[in-house]
Amino acid sequence: QLNDPSDISICAGGTTGPVNFTTNRTGGTTTYSWTNNTTSIGLGASGNGNLPSFTSVNSGTSPVTATITVTPSFEGCAGTPQTFTITVNPAGQVNDPSDQLRCHGTATAAVTFTTNRTGGTTTYAWTNSNTSIGLAASGSGNIGSFTATNTGTSPVTATVTVTPSFQGCPGTPQTFTITVNPAGQVNDPADQVVCTGSATTAVTFGTNRTGGTTTYNWTNNNTSIGLAASGSGNISSFTAANTGTVPVTATITVNPGFEGCSGTPQNFTITVNPSAQVNDPADQMRCN
């Protein structure tokens with residue numbers, strides 16, 4: 001007779017303890033012989049006596065279960081076999097999430113972790129190296145969409161490390177990044193006042209943003225001064241025009257974009273004064 005051994009569940013790479021068989025038979029000796037129907041777990045096909053300790057193996061994607069059949073013999077009298085199982089779970093696995101690039105103030109894509117493991121449950125624990133982007137320092141499960149934050153002057157990158165666990169068996173962590181670019185910024189250009197027919201000062205836009213490229217698109221609400229209605233990049237010097245009798249002011253609106261992230265527009269003005277004019281005074285003739 002053999003007392004039924006408990007089933008065993010273990011992670012791949014773990015070491016089982018020896019299984020010591022027991023019986024209610026007394027007054028003689030009970031011996032045990034056993035067979036194993038799945039040697040891929042790291043245990044031999046058969047043996048005698050107690051089950052030895054061994055390092056479990058499972059290089060697949062789902063649990064592997066071996067059935068161990070133990071036959072007892074009391075003083076040479078065979079008894080009813082007992083079976084128990086040893087289940088070896090693979091280590092957890094997570095597919096590598098995509099990196100993300102976002103602008104300040106926009107929503108990130110929700111991250112739904114996936115795995116190639118089947119036949120059990122995979123859980124996920126993650127850590128975040130930079131909470132300034134608007135994501136907590138750690139969490140479990142999927143990562144919901146959140147509003148990305150970067151109030152600085154250069155891109156900020158957070159590294160998120162995800163550790164998968166299959167049926168309690170941890171696996172190799174995966175990392176991905178979330179980079180948040182700041183909104184574009186342009187320094188306020190100086191207003192200009194020029195005379196008609198004279199050259200304006202070229203406008204070279206500046207910014208405090210670093211670590212990427214800032215682009216500038218501008219519009220002009222008064223083309224009569226000699227400047228086009230819109231353009232991109234810096235504004236070259238041009239000959240100012242005003243054929244009227246009063247000063248003309250054009251408002252230039254500059255929209256900055258940092259790595260595609262738009263920012264707050266800046267306005268400046270170019271005022272063109274007309275040429276001075278005096279009405280011709282009447283000639284006079286008088287007697288001495």
# chains A, B, ... in the order shown; residues from 1 in each chain; ligands from 1
$ residues_around --residues "region 103-106 of chain A" --least-positions-apart "5" --cutoff "6 Å" --atoms "only C-alpha atoms" --output "JSON, numbers by chain"
{"A": [147, 148, 149, 150, 180, 181, 182, 183, 261]}
$ select_by_dssp --residues "region 71-246 of chain A" --states "strand (DSSP E or B)" --output "number ranges by chain"
A: 71-74, 77-78, 82-89, 100-103, 107, 111, 122-128, 138-140, 143, 147, 156-166, 169-170, 174-181, 192-195, 199, 203, 214-220, 230-232, 235, 239
$ closest_residue --among "A:Pro63, A:Pro265, A:Ala250, A:Asn89" --to "Asp191 (chain A)" --atoms "only C-alpha atoms"
A:Ala250
$ atom_distance --atom1 "CA of Thr215 (chain A)" --atom2 "CA of Ala228 (chain A)"
18.2 Å
$ residues_around --residues "region 21-35 of chain A" --least-positions-apart "4" --cutoff "10 Å" --atoms "only C-alpha atoms" --output "PyMOL selection string"
chain A and resi 1-5+39+43-51+66-79+81-83
$ write_last_selection --atoms "C-alpha atoms" --output "CSV table (one decimal), in the first residue's frame"
chain,number,residue,atom,x,y,z
A,1,GLN,CA,0.0,0.0,0.0
A,2,LEU,CA,1.1,3.6,-0.8
A,3,ASN,CA,-0.2,6.8,0.6
A,4,ASP,CA,-1.2,9.1,-2.3
A,5,PRO,CA,1.6,11.6,-2.8
A,39,THR,CA,10.7,12.8,-19.3
A,43,LEU,CA,13.0,13.4,-14.6
A,44,GLY,CA,14.0,10.0,-15.8
A,45,ALA,CA,11.5,7.5,-17.2
A,46,SER,CA,11.6,5.1,-14.2
A,47,GLY,CA,13.3,4.4,-10.9
A,48,ASN,CA,13.1,2.6,-7.6
A,49,GLY,CA,12.7,4.0,-4.1
A,50,ASN,CA,11.8,7.6,-3.3
A,51,LEU,CA,11.6,10.2,-6.1
A,66,ALA,CA,4.0,14.5,-16.1
A,67,THR,CA,2.1,11.6,-14.4
A,68,ILE,CA,4.2,9.6,-12.0
A,69,THR,CA,2.9,6.1,-11.3
A,70,VAL,CA,4.2,4.5,-8.1
A,71,THR,CA,3.7,0.7,-7.4
A,72,PRO,CA,4.3,-0.4,-3.8
A,73,SER,CA,5.4,-3.9,-2.8
A,74,PHE,CA,5.2,-5.2,0.7
A,75,GLU,CA,7.6,-8.1,1.3
A,76,GLY,CA,7.4,-8.8,-2.4
A,77,CYS,CA,3.6,-8.6,-2.5
A,78,ALA,CA,2.6,-5.9,-5.1
A,79,GLY,CA,-0.2,-3.5,-4.2
A,81,PRO,CA,-0.4,1.7,-7.9
A,82,GLN,CA,-0.9,5.4,-7.0
A,83,THR,CA,-0.4,8.3,-9.4
$ atom_distance --atom1 "CA of Ile8 (chain A)" --atom2 "CA of Cys169 (chain A)"
14.1 Å
$ atom_distance --atom1 "CA of Gln266 (chain A)" --atom2 "CA of Thr245 (chain A)"
28.9 Å
$ closest_residue --among "A:Thr108, A:Asn20, A:Thr87, A:Thr55" --to "Asp7 (chain A)" --atoms "only C-alpha atoms"
A:Thr87
$ closest_residue --among "A:Gly134, A:Gly14, A:Gly206, A:Pro170" --to "Thr151 (chain A)" --atoms "only C-alpha atoms"
A:Gly134
